[in-house]
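Chemist: Sharing start_30.pdb, PDB, C-alpha atoms and all ligand atoms:
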ATOM      1  CA  MET A  10     -15.856  18.555  52.422
ATOM      2  CA  TRP A  11     -15.949  15.677  54.879
ATOM      3  CA  ASP A  12     -16.055  15.010  58.606
ATOM      4  CA  GLN A  13     -14.830  12.301  60.984
ATOM      5  CA  SER A  14     -18.162  10.448  60.893
ATOM      6  CA  GLN A  15     -17.441   9.530  57.259
ATOM      7  CA  LEU A  16     -14.301   7.608  58.244
ATOM      8  CA  ARG A  17     -14.627   3.965  59.245
ATOM      9  CA  LYS A  18     -13.701   3.256  62.858
ATOM     10  CA  TYR A  19     -10.723   1.048  63.665
ATOM     11  CA  ASP A  20      -8.864   0.099  66.801
ATOM     12  CA  LEU A  21      -5.673   1.847  65.655
ATOM     13  CA  THR A  22      -3.392   4.659  66.752
ATOM     14  CA  LEU A  23      -2.714   6.804  63.714
ATOM     15  CA  GLU A  24      -0.521   9.817  63.029
ATOM     16  CA  ALA A  25      -1.025  12.238  60.165
ATOM     17  CA  ILE A  26       1.010  11.810  56.983
ATOM     18  CA  PRO A  27       2.776  15.124  56.241
ATOM     19  CA  ARG A  28       1.183  17.230  53.563
ATOM     20  CA  LEU A  29       3.554  19.405  51.521
ATOM     21  CA  HIS A  30       3.204  21.819  48.641
ATOM     22  CA  HIS A  31       4.468  20.273  45.388
ATOM     23  CA  ALA A  32       7.386  22.694  45.133
ATOM     24  CA  ASP A  33       8.587  22.026  48.694
ATOM     25  CA  PRO A  34      12.115  20.570  48.514
ATOM     26  CA  LYS A  35      11.366  18.483  51.619
ATOM     27  CA  ILE A  36       9.247  16.198  49.424
ATOM     28  CA  ASP A  37      12.465  14.750  48.026
ATOM     29  CA  GLU A  38      13.776  14.086  51.519
ATOM     30  CA  TYR A  39      10.700  11.990  52.283
ATOM     31  CA  ILE A  40      10.946  10.094  49.010
ATOM     32  CA  ALA A  41      14.689   9.502  49.420
ATOM     33  CA  ASP A  42      13.924   8.148  52.885
ATOM     34  CA  ASN A  43      11.090   5.882  51.628
ATOM     35  CA  LYS A  44       8.610   7.788  53.800
ATOM     36  CA  PRO A  45       5.056   8.615  52.706
ATOM     37  CA  VAL A  46       4.106  12.200  51.925
ATOM     38  CA  VAL A  47       1.074  13.913  50.425
ATOM     39  CA  ILE A  48       2.036  16.186  47.535
ATOM     40  CA  ALA A  49      -0.559  18.951  47.386
ATOM     41  CA  GLY A  50      -1.310  21.405  44.619
ATOM     42  CA  SER A  51       0.654  19.684  41.894
ATOM     43  CA  ARG A  52      -0.174  20.040  38.205
ATOM     44  CA  VAL A  53       0.540  16.375  37.538
ATOM     45  CA  ILE A  54      -3.061  15.207  37.288
ATOM     46  CA  ARG A  55      -4.642  18.657  36.904
ATOM     47  CA  PRO A  56      -6.073  17.962  33.416
ATOM     48  CA  ALA A  57      -8.063  15.112  34.973
ATOM     49  CA  VAL A  58      -9.038  16.932  38.176
ATOM     50  CA  ASP A  59     -10.497  19.773  36.103
ATOM     51  CA  LYS A  60     -12.752  17.510  34.063
ATOM     52  CA  TRP A  61     -13.304  14.037  35.420
ATOM     53  CA  ASP A  62     -16.476  12.932  37.150
ATOM     54  CA  MET A  63     -18.774   9.966  36.532
ATOM     55  CA  ASP A  64     -20.671  11.740  33.704
ATOM     56  CA  TYR A  65     -17.388  12.517  31.938
ATOM     57  CA  MET A  66     -16.239   8.918  32.425
ATOM     58  CA  GLU A  67     -19.475   7.686  30.910
ATOM     59  CA  LYS A  68     -18.730   9.704  27.786
ATOM     60  CA  CYS A  69     -14.972   9.273  27.534
ATOM     61  CA  LEU A  70     -14.026   5.925  29.090
ATOM     62  CA  GLY A  71     -14.345   3.415  26.261
ATOM     63  CA  GLY A  72     -13.876  -0.246  25.576
ATOM     64  CA  PRO A  73     -16.202  -3.249  25.786
ATOM     65  CA  GLY A  74     -14.457  -4.971  28.657
ATOM     66  CA  LEU A  75     -13.472  -2.792  31.587
ATOM     67  CA  THR A  76     -12.357  -4.749  34.651
ATOM     68  CA  VAL A  77     -14.861  -4.475  37.493
ATOM     69  CA  PHE A  78     -14.695  -6.273  40.834
ATOM     70  CA  VAL A  79     -17.969  -7.232  42.486
ATOM     71  CA  SER A  80     -18.223  -7.775  46.241
ATOM     72  CA  GLN A  81     -21.040  -8.550  48.650
ATOM     73  CA  SER A  82     -19.286  -6.584  51.390
ATOM     74  CA  HIS A  83     -17.569  -3.184  51.429
ATOM     75  CA  LYS A  84     -14.188  -4.961  51.296
ATOM     76  CA  PHE A  85     -12.378  -5.734  48.055
ATOM     77  CA  LYS A  86      -9.523  -7.942  49.178
ATOM     78  CA  TYR A  87      -7.210  -8.595  46.251
ATOM     79  CA  PHE A  88      -6.295 -12.177  45.307
ATOM     80  CA  ASP A  89      -3.937 -13.649  42.741
ATOM     81  CA  GLU A  90      -5.952 -15.846  40.397
ATOM     82  CA  ASN A  91      -2.836 -17.809  39.409
ATOM     83  CA  LYS A  92      -2.413 -18.979  42.981
ATOM     84  CA  VAL A  93      -6.007 -20.211  43.398
ATOM     85  CA  GLN A  94      -5.387 -23.350  41.310
ATOM     86  CA  TYR A  95      -2.178 -24.003  43.221
ATOM     87  CA  CYS A  96      -4.077 -23.957  46.538
ATOM     88  CA  LEU A  97      -6.853 -26.212  45.264
ATOM     89  CA  ARG A  98      -4.250 -28.694  43.981
ATOM     90  CA  HIS A  99      -2.665 -28.763  47.444
ATOM     91  CA  GLY A 100      -5.878 -29.135  49.409
ATOM     92  CA  ILE A 101      -5.968 -25.560  50.744
ATOM     93  CA  ASP A 102      -9.495 -24.124  50.792
ATOM     94  CA  PHE A 103      -9.952 -20.788  49.137
ATOM     95  CA  VAL A 104     -13.211 -18.964  48.506
ATOM     96  CA  PRO A 105     -12.674 -15.859  46.349
ATOM     97  CA  PRO A 106     -14.046 -12.829  48.240
ATOM     98  CA  THR A 107     -14.811 -10.887  45.056
ATOM     99  CA  ARG A 108     -15.791 -11.665  41.487
ATOM    100  CA  ARG A 109     -13.985 -10.127  38.523
ATOM    101  CA  CYS A 110     -16.073  -9.285  35.483
ATOM    102  CA  LYS A 111     -15.975  -7.228  32.321
ATOM    103  CA  MET A 112     -18.364  -4.344  31.872
ATOM    104  CA  ARG A 113     -18.963  -1.334  29.699
ATOM    105  CA  ILE A 114     -18.769   2.029  31.451
ATOM    106  CA  GLY A 115     -22.464   2.667  30.764
ATOM    107  CA  GLU A 116     -23.530  -0.372  32.758
ATOM    108  CA  PHE A 117     -21.108   0.433  35.588
ATOM    109  CA  VAL A 118     -22.358   4.004  35.962
ATOM    110  CA  ARG A 119     -26.004   2.900  35.730
ATOM    111  CA  ARG A 120     -25.500   0.325  38.486
ATOM    112  CA  LEU A 121     -23.826   2.975  40.664
ATOM    113  CA  ARG A 122     -26.785   5.320  40.175
ATOM    114  CA  GLU A 123     -29.354   2.616  40.919
ATOM    115  CA  TRP A 124     -27.430   1.085  43.816
ATOM    116  CA  LYS A 125     -29.306   0.493  47.068
ATOM    117  CA  LYS A 126     -28.285  -1.028  50.382
ATOM    118  CA  GLY A 127     -27.966  -4.800  50.125
ATOM    119  CA  ASP A 128     -26.921  -4.783  46.440
ATOM    120  CA  ASP A 129     -23.486  -6.037  45.415
ATOM    121  CA  ARG A 130     -20.846  -3.358  45.512
ATOM    122  CA  LEU A 131     -18.720  -2.524  42.461
ATOM    123  CA  TYR A 132     -15.155  -1.288  42.003
ATOM    124  CA  LEU A 133     -13.766  -0.575  38.544
ATOM    125  CA  GLN A 134      -9.998  -1.108  38.319
ATOM    126  CA  GLN A 135      -8.737  -0.811  34.780
ATOM    127  CA  ALA A 136      -5.171  -0.580  33.485
ATOM    128  CA  VAL A 137      -4.828   2.460  31.271
ATOM    129  CA  ASN A 138      -3.983   1.560  27.686
ATOM    130  CA  SER A 139      -4.921   2.697  24.197
ATOM    131  CA  SER A 140      -8.245   0.809  24.340
ATOM    132  CA  VAL A 141      -9.842   2.866  27.102
ATOM    133  CA  GLY A 142     -11.034   5.674  24.859
ATOM    134  CA  ASN A 143     -10.726   9.419  25.061
ATOM    135  CA  VAL A 144      -9.564   9.637  28.692
ATOM    136  CA  VAL A 145      -6.136   8.737  27.306
ATOM    137  CA  LYS A 146      -5.996  12.222  25.781
ATOM    138  CA  ASP A 147      -6.210  13.751  29.273
ATOM    139  CA  PHE A 148      -3.473  11.378  30.399
ATOM    140  CA  MET A 149      -1.172  12.725  27.731
ATOM    141  CA  LYS A 150      -1.597  16.195  29.228
ATOM    142  CA  PHE A 151      -0.393  15.092  32.686
ATOM    143  CA  ASP A 152       2.804  16.721  33.961
ATOM    144  CA  TRP A 153       5.055  13.838  32.933
ATOM    145  CA  GLU A 154       8.094  16.056  33.374
ATOM    146  CA  TYR A 155       7.486  16.369  37.124
ATOM    147  CA  LEU A 156       7.026  12.595  37.377
ATOM    148  CA  ALA A 157      10.124  11.837  35.305
ATOM    149  CA  GLY A 158      12.080  14.266  37.497
ATOM    150  CA  LYS A 159      11.135  12.359  40.659
ATOM    151  CA  GLN A 160      11.754   9.008  38.995
ATOM    152  CA  ALA A 161      15.273  10.046  37.894
ATOM    153  CA  LYS A 162      16.165  11.798  41.143
ATOM    154  CA  HIS A 163      15.267   8.768  43.241
ATOM    155  CA  ASN A 164      16.679   6.234  40.865
ATOM    156  CA  TRP A 165      13.417   4.390  40.363
ATOM    157  CA  GLY A 166      12.978   1.908  37.539
ATOM    158  CA  PRO A 167      10.561   2.423  34.637
ATOM    159  CA  LEU A 168       6.889   3.323  34.966
ATOM    160  CA  SER A 169       5.252  -0.100  34.791
ATOM    161  CA  SER A 170       1.556   0.760  34.705
ATOM    162  CA  ASN A 171      -1.229   3.194  35.426
ATOM    163  CA  LEU A 172      -4.363   1.888  37.069
ATOM    164  CA  LEU A 173      -7.601   3.821  36.870
ATOM    165  CA  LEU A 174      -9.864   3.250  39.895
ATOM    166  CA  LEU A 175     -13.565   4.158  39.926
ATOM    167  CA  SER A 176     -15.113   3.359  43.278
ATOM    168  CA  MET A 177     -18.451   3.521  45.028
ATOM    169  CA  GLU A 178     -18.504   5.474  48.278
ATOM    170  CA  GLY A 179     -17.607   3.350  51.287
ATOM    171  CA  ASN A 180     -15.557   0.737  49.373
ATOM    172  CA  VAL A 181     -12.402  -0.494  51.101
ATOM    173  CA  THR A 182      -9.207  -1.970  49.699
ATOM    174  CA  PRO A 183      -7.925  -3.920  52.739
ATOM    175  CA  CYS A 184      -4.391  -3.608  54.024
ATOM    176  CA  HIS A 185      -1.644  -4.925  51.718
ATOM    177  CA  TYR A 186       1.741  -3.966  50.304
ATOM    178  CA  ASP A 187       2.932  -3.733  46.708
ATOM    179  CA  GLU A 188       6.394  -4.444  45.347
ATOM    180  CA  GLN A 189       6.572  -1.159  43.465
ATOM    181  CA  GLN A 190       6.871   2.547  44.160
ATOM    182  CA  ASN A 191       3.497   4.260  43.839
ATOM    183  CA  PHE A 192       2.351   7.802  43.193
ATOM    184  CA  PHE A 193      -1.318   7.582  44.054
ATOM    185  CA  GLY A 194      -3.264  10.430  42.422
ATOM    186  CA  GLN A 195      -6.670  11.428  43.751
ATOM    187  CA  VAL A 196      -8.773  12.881  40.941
ATOM    188  CA  TYR A 197     -12.359  13.043  42.201
ATOM    189  CA  GLY A 198     -13.957  12.567  45.627
ATOM    190  CA  TYR A 199     -12.213  11.671  48.873
ATOM    191  CA  LYS A 200     -10.136   8.668  49.865
ATOM    192  CA  ARG A 201      -8.635   7.879  53.223
ATOM    193  CA  CYS A 202      -5.310   6.043  53.158
ATOM    194  CA  ILE A 203      -3.865   4.300  56.217
ATOM    195  CA  LEU A 204      -0.213   3.320  55.854
ATOM    196  CA  PHE A 205       2.192   1.221  57.948
ATOM    197  CA  PRO A 206       5.946   0.887  57.510
ATOM    198  CA  PRO A 207       7.535  -2.376  56.312
ATOM    199  CA  SER A 208       8.899  -2.798  59.851
ATOM    200  CA  ASP A 209       5.294  -3.529  60.946
ATOM    201  CA  TYR A 210       5.443  -6.781  58.944
ATOM    202  CA  GLU A 211       5.039  -8.904  62.065
ATOM    203  CA  CYS A 212       2.136  -6.789  63.339
ATOM    204  CA  LEU A 213       0.145  -7.189  60.128
ATOM    205  CA  TYR A 214       0.519 -10.933  59.570
ATOM    206  CA  PRO A 215       0.731 -11.261  55.781
ATOM    207  CA  HIS A 216      -0.764 -14.400  54.230
ATOM    208  CA  PRO A 217       1.871 -16.922  53.093
ATOM    209  CA  LEU A 218       3.502 -16.231  49.755
ATOM    210  CA  TYR A 219       1.890 -19.211  47.988
ATOM    211  CA  HIS A 220      -1.602 -18.091  49.087
ATOM    212  CA  PRO A 221      -3.847 -16.153  46.665
ATOM    213  CA  HIS A 222      -3.903 -13.374  49.285
ATOM    214  CA  ASP A 223      -0.088 -13.064  49.196
ATOM    215  CA  ARG A 224       0.916  -9.481  50.222
ATOM    216  CA  GLN A 225      -2.435  -8.976  51.992
ATOM    217  CA  SER A 226      -2.763  -8.723  55.767
ATOM    218  CA  MET A 227      -4.667 -11.567  57.434
ATOM    219  CA  VAL A 228      -6.012  -9.117  60.014
ATOM    220  CA  ASP A 229      -9.606  -8.001  59.471
ATOM    221  CA  PHE A 230      -9.473  -4.342  60.543
ATOM    222  CA  ASP A 231     -13.241  -4.376  61.193
ATOM    223  CA  LYS A 232     -12.912  -7.181  63.731
ATOM    224  CA  PRO A 233      -9.295  -7.950  64.617
ATOM    225  CA  ASP A 234      -8.817 -11.417  66.087
ATOM    226  CA  TYR A 235      -6.321 -10.503  68.810
ATOM    227  CA  SER A 236      -5.906 -14.099  69.959
ATOM    228  CA  ARG A 237      -4.494 -15.015  66.520
ATOM    229  CA  PHE A 238      -2.899 -11.652  65.778
ATOM    230  CA  PRO A 239      -1.789 -10.184  69.143
ATOM    231  CA  LYS A 240       0.942  -7.971  67.636
ATOM    232  CA  PHE A 241      -1.651  -6.057  65.615
ATOM    233  CA  LYS A 242      -2.034  -3.930  68.764
ATOM    234  CA  LYS A 243       1.527  -2.704  68.248
ATOM    235  CA  ALA A 244       1.026  -1.553  64.635
ATOM    236  CA  ARG A 245       1.813   2.154  64.322
ATOM    237  CA  GLY A 246       0.147   3.581  61.262
ATOM    238  CA  CYS A 247      -0.268   6.974  59.685
ATOM    239  CA  GLU A 248      -3.124   8.327  57.634
ATOM    240  CA  ALA A 249      -4.264  11.017  55.241
ATOM    241  CA  VAL A 250      -7.557  11.900  53.635
ATOM    242  CA  LEU A 251      -6.819  12.696  50.007
ATOM    243  CA  GLU A 252      -8.747  15.331  48.130
ATOM    244  CA  PRO A 253      -8.863  16.017  44.395
ATOM    245  CA  GLY A 254      -5.419  16.985  43.119
ATOM    246  CA  ASP A 255      -3.470  15.311  45.929
ATOM    247  CA  ILE A 256      -0.767  12.791  45.160
ATOM    248  CA  LEU A 257       0.229  10.375  47.899
ATOM    249  CA  TYR A 258       3.639   8.791  47.686
ATOM    250  CA  ILE A 259       3.184   5.169  48.851
ATOM    251  CA  PRO A 260       6.713   3.825  49.236
ATOM    252  CA  ILE A 261       7.551   0.348  47.960
ATOM    253  CA  TYR A 262       6.638  -2.392  50.501
ATOM    254  CA  TRP A 263       4.643   0.030  52.684
ATOM    255  CA  TRP A 264       1.338  -1.396  53.838
ATOM    256  CA  HIS A 265      -1.757   0.507  52.766
ATOM    257  CA  HIS A 266      -5.469   0.345  53.417
ATOM    258  CA  VAL A 267      -7.600   2.606  51.216
ATOM    259  CA  GLU A 268     -11.237   3.598  51.717
ATOM    260  CA  SER A 269     -13.567   5.822  49.760
ATOM    261  CA  LEU A 270     -15.275   7.970  52.366
ATOM    262  CA  MET A 271     -18.789   7.008  53.372
ATOM    263  CA  ARG A 272     -21.656   9.220  52.160
ATOM    264  CA  ALA A 273     -19.271  11.305  50.042
ATOM    265  CA  GLY A 274     -20.134  10.057  46.558
ATOM    266  CA  PRO A 275     -18.001   7.976  44.196
ATOM    267  CA  THR A 276     -14.256   8.416  43.777
ATOM    268  CA  ILE A 277     -11.793   8.417  40.891
ATOM    269  CA  SER A 278      -8.073   7.800  41.384
ATOM    270  CA  VAL A 279      -5.104   6.959  39.246
ATOM    271  CA  ASN A 280      -2.013   5.028  40.294
ATOM    272  CA  PHE A 281       1.468   5.504  38.827
ATOM    273  CA  TRP A 282       3.515   2.400  39.575
ATOM    274  CA  TYR A 283       7.282   2.416  39.152
ATOM    275  CA  LYS A 284       9.653  -0.504  39.439
ATOM    276  CA  GLY A 285      12.052  -0.254  42.352
ATOM    277  CA  GLY A 286      15.544   1.005  41.604
ATOM    278  CA  PRO A 287      18.606  -1.240  41.391
ATOM    279  CA  ILE A 288      19.273  -3.004  44.667
ATOM    280  CA  SER A 289      22.161  -1.507  46.580
ATOM    281  CA  LEU A 290      23.353  -3.727  49.376
ATOM    282  CA  GLU A 291      24.376  -1.071  51.817
ATOM    283  CA  TYR A 292      24.313  -2.070  55.460
ATOM    284  CA  PRO A 293      22.361  -1.944  57.610
ATOM    285  CA  LEU A 294      19.700  -3.194  55.196
ATOM    286  CA  LYS A 295      16.508  -1.169  54.953
ATOM    287  CA  ASP A 296      13.329  -2.711  56.373
ATOM    288  CA  HIS A 297      11.782  -3.125  52.943
ATOM    289  CA  GLN A 298      14.880  -4.968  51.749
ATOM    290  CA  LYS A 299      14.464  -7.407  54.622
ATOM    291  CA  VAL A 300      10.879  -8.066  53.538
ATOM    292  CA  SER A 301      12.112  -8.694  49.998
ATOM    293  CA  ILE A 302      14.757 -11.141  51.264
ATOM    294  CA  SER A 303      12.251 -13.009  53.431
ATOM    295  CA  ARG A 304       9.969 -13.327  50.392
ATOM    296  CA  ASN A 305      12.822 -14.947  48.474
ATOM    297  CA  VAL A 306      13.497 -17.395  51.304
ATOM    298  CA  GLU A 307       9.811 -18.295  51.496
ATOM    299  CA  LYS A 308       9.635 -18.746  47.711
ATOM    300  CA  MET A 309      12.654 -21.046  47.796
ATOM    301  CA  LEU A 310      11.188 -23.162  50.601
ATOM    302  CA  VAL A 311       7.886 -23.651  48.746
ATOM    303  CA  GLU A 312       9.836 -24.719  45.682
ATOM    304  CA  VAL A 313      12.118 -27.216  47.386
ATOM    305  CA  LEU A 314       9.549 -28.638  49.792
ATOM    306  CA  GLN A 315       6.901 -28.979  47.048
ATOM    307  CA  ASP A 316       4.175 -28.979  49.731
ATOM    308  CA  PRO A 317       3.087 -25.539  51.012
ATOM    309  CA  LYS A 318       1.921 -27.076  54.282
ATOM    310  CA  GLU A 319       5.524 -27.959  55.152
ATOM    311  CA  VAL A 320       6.805 -24.369  54.971
ATOM    312  CA  GLY A 321       5.446 -23.151  58.325
ATOM    313  CA  PRO A 322       6.604 -26.164  60.353
ATOM    314  CA  LEU A 323      10.072 -25.971  58.789
ATOM    315  CA  LEU A 324      10.401 -22.291  59.662
ATOM    316  CA  GLU A 325       9.169 -23.051  63.192
ATOM    317  CA  MET A 326      11.747 -25.819  63.469
ATOM    318  CA  MET A 327      14.468 -23.448  62.297
ATOM    319  CA  ALA A 328      13.626 -20.457  64.451
ATOM    320  CA  GLY A 329      11.388 -21.689  67.272
ATOM    321  CA  GLY A 330      12.930 -20.704  70.579
ATOM    322  CA  ARG A 331      16.463 -20.403  69.167
ATOM    323  CA  PHE A 332      16.916 -16.741  68.437
ATOM    324  CA  GLY A 333      14.939 -15.124  71.262
ATOM    325  CA  GLU A 334      16.452 -12.922  73.970
TER     326      GLU A 334
HETATM  327  C1  LIG A 401      -7.389   1.711  46.171
HETATM  328  O1  LIG A 401      -7.288   2.875  45.794
HETATM  329  O2  LIG A 401      -8.484   1.247  46.534
HETATM  330  C2  LIG A 401      -6.203   0.817  46.214
HETATM  331  C3  LIG A 401      -5.003   1.380  45.561
HETATM  332  C4  LIG A 401      -3.739   0.601  45.817
HETATM  333  O3  LIG A 401      -3.743  -0.366  46.563
HETATM  334  O4  LIG A 401      -2.683   0.958  45.272
HETATM  335 FE    FE A 402      -1.827  -1.229  46.557
END
Take the structure in the file and write it out as structure tokens.

Modeler:
Amino acid sequence: MWDQSQLRKYDLTLEAIPRLHHADPKIDEYIADNKPVVIAGSRVIRPAVDKWDMDYMEKCLGGPGLTVFVSQSHKFKYFDENKVQYCLRHGIDFVPPTRRCKMRIGEFVRRLREWKKGDDRLYLQQAVNSSVGNVVKDFMKFDWEYLAGKQAKHNWGPLSSNLLLLSMEGNVTPCHYDEQQNFFGQVYGYKRCILFPPSDYECLYPHPLYHPHDRQSMVDFDKPDYSRFPKFKKARGCEAVLEPGDILYIPIYWWHHVESLMRAGPTISVNFWYKGGPISLEYPLKDHQKVSISRNVEKMLVEVLQDPKEVGPLLEMMAGGRFGE
């Protein structure tokens, strides 16, 4: 098991995410409401939970080029490689915080075993496809009927991808949001997830859309700069520590920070990402729909202005001091 000392410390007020048995009909109320919920005791990923650990991965996760991120710190802040060139072309400095490389599972597991303080940290994040070896067979035994039931009931779009995540203890995926619905399955070890609603957009200060860190919060949870990000104090998050077999519903556009517990060994998780359902413009708009609209406005401004540095000043000119009260 785990205790509080294995959780990183942050200056945040956090509530607990509800934890419900997989057959509890209330789960569907949460999902329909776009609210996070931990689904406990489900059979969905049971075939993996029963078998998977790092030794099993070493035997059954194949392929010459698994995607592994390398970081000098415990943080693995995602960045969009396509946007790096754009920034350099427009004179915006960007130093990638992690390095992406290709590795065989044998090398990854060996480096985890030999890891000592001060070494680079590793995080394997590989899309599941036919090239990843025998683990695919366990995937086929997942309870796809349960998943398809939820997908149909809540009018989600198609399953777009599964991501397999093999992490060292203590690794952190900093706070960000995704534009898809996510069933996050915890297979092995313990992960703590801190979530914030889309209405906390202003409190979490996302990087601009053109920036490689688009969708990522600019706030460093380890050392929040309150003079730049004063509204971070108002963020109201919720959290859960996931154990093997748990599935966390991370609603589309919800912010999430994910950490593998410290001193609790490596972790294995698998994401099920679904496209959002068809957009229904029912008023009042939902908070996540407002985020989506503001993304479109920002995208349009970058396109018409041609210079990303003009976007902020134009928005300031538009809104500054006019809509207060
Ligand atoms: C993680 O498990 O580290 C991140 C997963 C996600 O952002 O969906
Ligand atoms: Fe995510």

Chemist: Using all atoms listed in the file, which residue out of A:Asn171, A:Pro233, A:Gln195, A:Ser226 lies closest to Glu252 (chain A)?

Modeler: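 Of A:Asn171, A:Pro233, A:Gln195, A:Ser226, the one nearest Glu252 (chain A) is A:Gln195, counting all atoms listed in the file.
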
Chemist: Which of these, A:Leu324, A:Ile288, A:Ile40, A:Met177, has the shortest distance to ligand LIG 401 (chain A) once you count all atoms listed in the file?

Modeler: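 Among the listed residues, A:Met177 lies closest to ligand LIG 401 (chain A).
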
Chemist: Restricting the calculation to all atoms listed in the file: of A:Val58, A:Leu175, A:Leu168, A:Leu21, which residue gets closest to Lys232 (chain A)?

Modeler: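 Result for the nearest residue to Lys232 (chain A): A:Leu21.
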
Chemist: Counting only C-alpha atoms, which of A:Cys110, A:Lys318, A:Glu211, A:Arg237 gets nearest to Ser303 (chain A)?

Modeler: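 Ranking A:Cys110, A:Lys318, A:Glu211, A:Arg237 by distance to Ser303 (chain A), first place goes to A:Glu211.
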
Chemist: Go through the shown structure with the PyMOL selection byres (((not hetatm)) within 9 of (chain A and resi 401)) and write out the matching residues as a PyMOL selection string.

Modeler: chain A and resi 85+87+132+134+172-176+180-187+191-193+195+200+202+259+264-269+277-282

Chemist: Evaluate the PyMOL selection byres (((chain A and resi 240) around 9) and not hetatm) against this structure - the residues, as a list in words, please.

Modeler: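 Evaluating the PyMOL selection byres (((chain A and resi 240) around 9) and not hetatm) on this file yields Glu211, Cys212, Leu213, Tyr214, Tyr235, Arg237, Phe238, Pro239, Phe241, Lys242, Lys243 and Ala244 of chain A.
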
Chemist: What is the distance between CA of Ile302 (chain A) and CA of Phe332 (chain A), in Å to one decimal?

Modeler: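 Calculated distance between CA of Ile302 (chain A) and CA of Phe332 (chain A) is 18.2 Å.
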
Chemist: What separation in Å, quoted to one decimal, exists between CA of Gly285 (chain A) and CA of Gln189 (chain A)?

Modeler: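 Value for the CA of Gly285 (chain A)-CA of Gln189 (chain A) distance: 5.7 Å.
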
Chemist: State, in Å with one decimal place, the distance from CA of Tyr95 (chain A) to CA of Pro317 (chain A).

Modeler: 9.5 Å

Chemist: I'd like the residues picked by the PyMOL selection byres (((chain A and resi 263) around 6) and not hetatm) written out as a list in words, using the chain letters and numbers from the file.

Modeler: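 When the PyMOL selection byres (((chain A and resi 263) around 6) and not hetatm) is applied, the selected residues are Tyr186, Phe205, Pro206, Pro207, Pro260, Ile261, Tyr262 and Trp264 of chain A.
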
Chemist: Take the residues just selected and output them with C-alpha atoms as a compact mmCIF listing (two decimals), in the frame of the given file.

Modeler:
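Done, and the output landed in selection_22.txt:
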# COMPACT_ATOMS: atom_id res chain seq x y z
CA TYR A 186 1.74 -3.97 50.30
CA PHE A 205 2.19 1.22 57.95
CA PRO A 206 5.95 0.89 57.51
CA PRO A 207 7.54 -2.38 56.31
CA PRO A 260 6.71 3.82 49.24
CA ILE A 261 7.55 0.35 47.96
CA TYR A 262 6.64 -2.39 50.50
CA TRP A 264 1.34 -1.40 53.84

Chemist: May I have the protein, DNA and RNA residues with an atom at most 9 Å from (-14.4, 4.0, 32.2), counting only C-alpha atoms in the file's coordinates, returned as a list in words?

Modeler: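 Here is the list of nearby residues: Met63, Met66, Glu67, Lys68, Cys69, Leu70, Gly71, Gly72, Leu75, Arg113, Ile114, Gly115, Phe117, Val118, Leu133, Gln135, Val141, Gly142, Val144, Leu173, Leu174 and Leu175 of chain A.
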
Chemist: A:Glu188, A:Glu291, A:Glu307, A:Asp209: which is nearest ligand FE 402 (chain A), counting all atoms listed in the file?

Modeler: A:Glu188

Chemist: Fewer than 5 positions away in the same chain doesn't count, so skip those; otherwise give me all residues within 10 Å of Phe103 (chain A), counting all atoms listed in the file, as a PyMOL selection string.

Modeler: chain A and resi 92-94+96-97+220-222
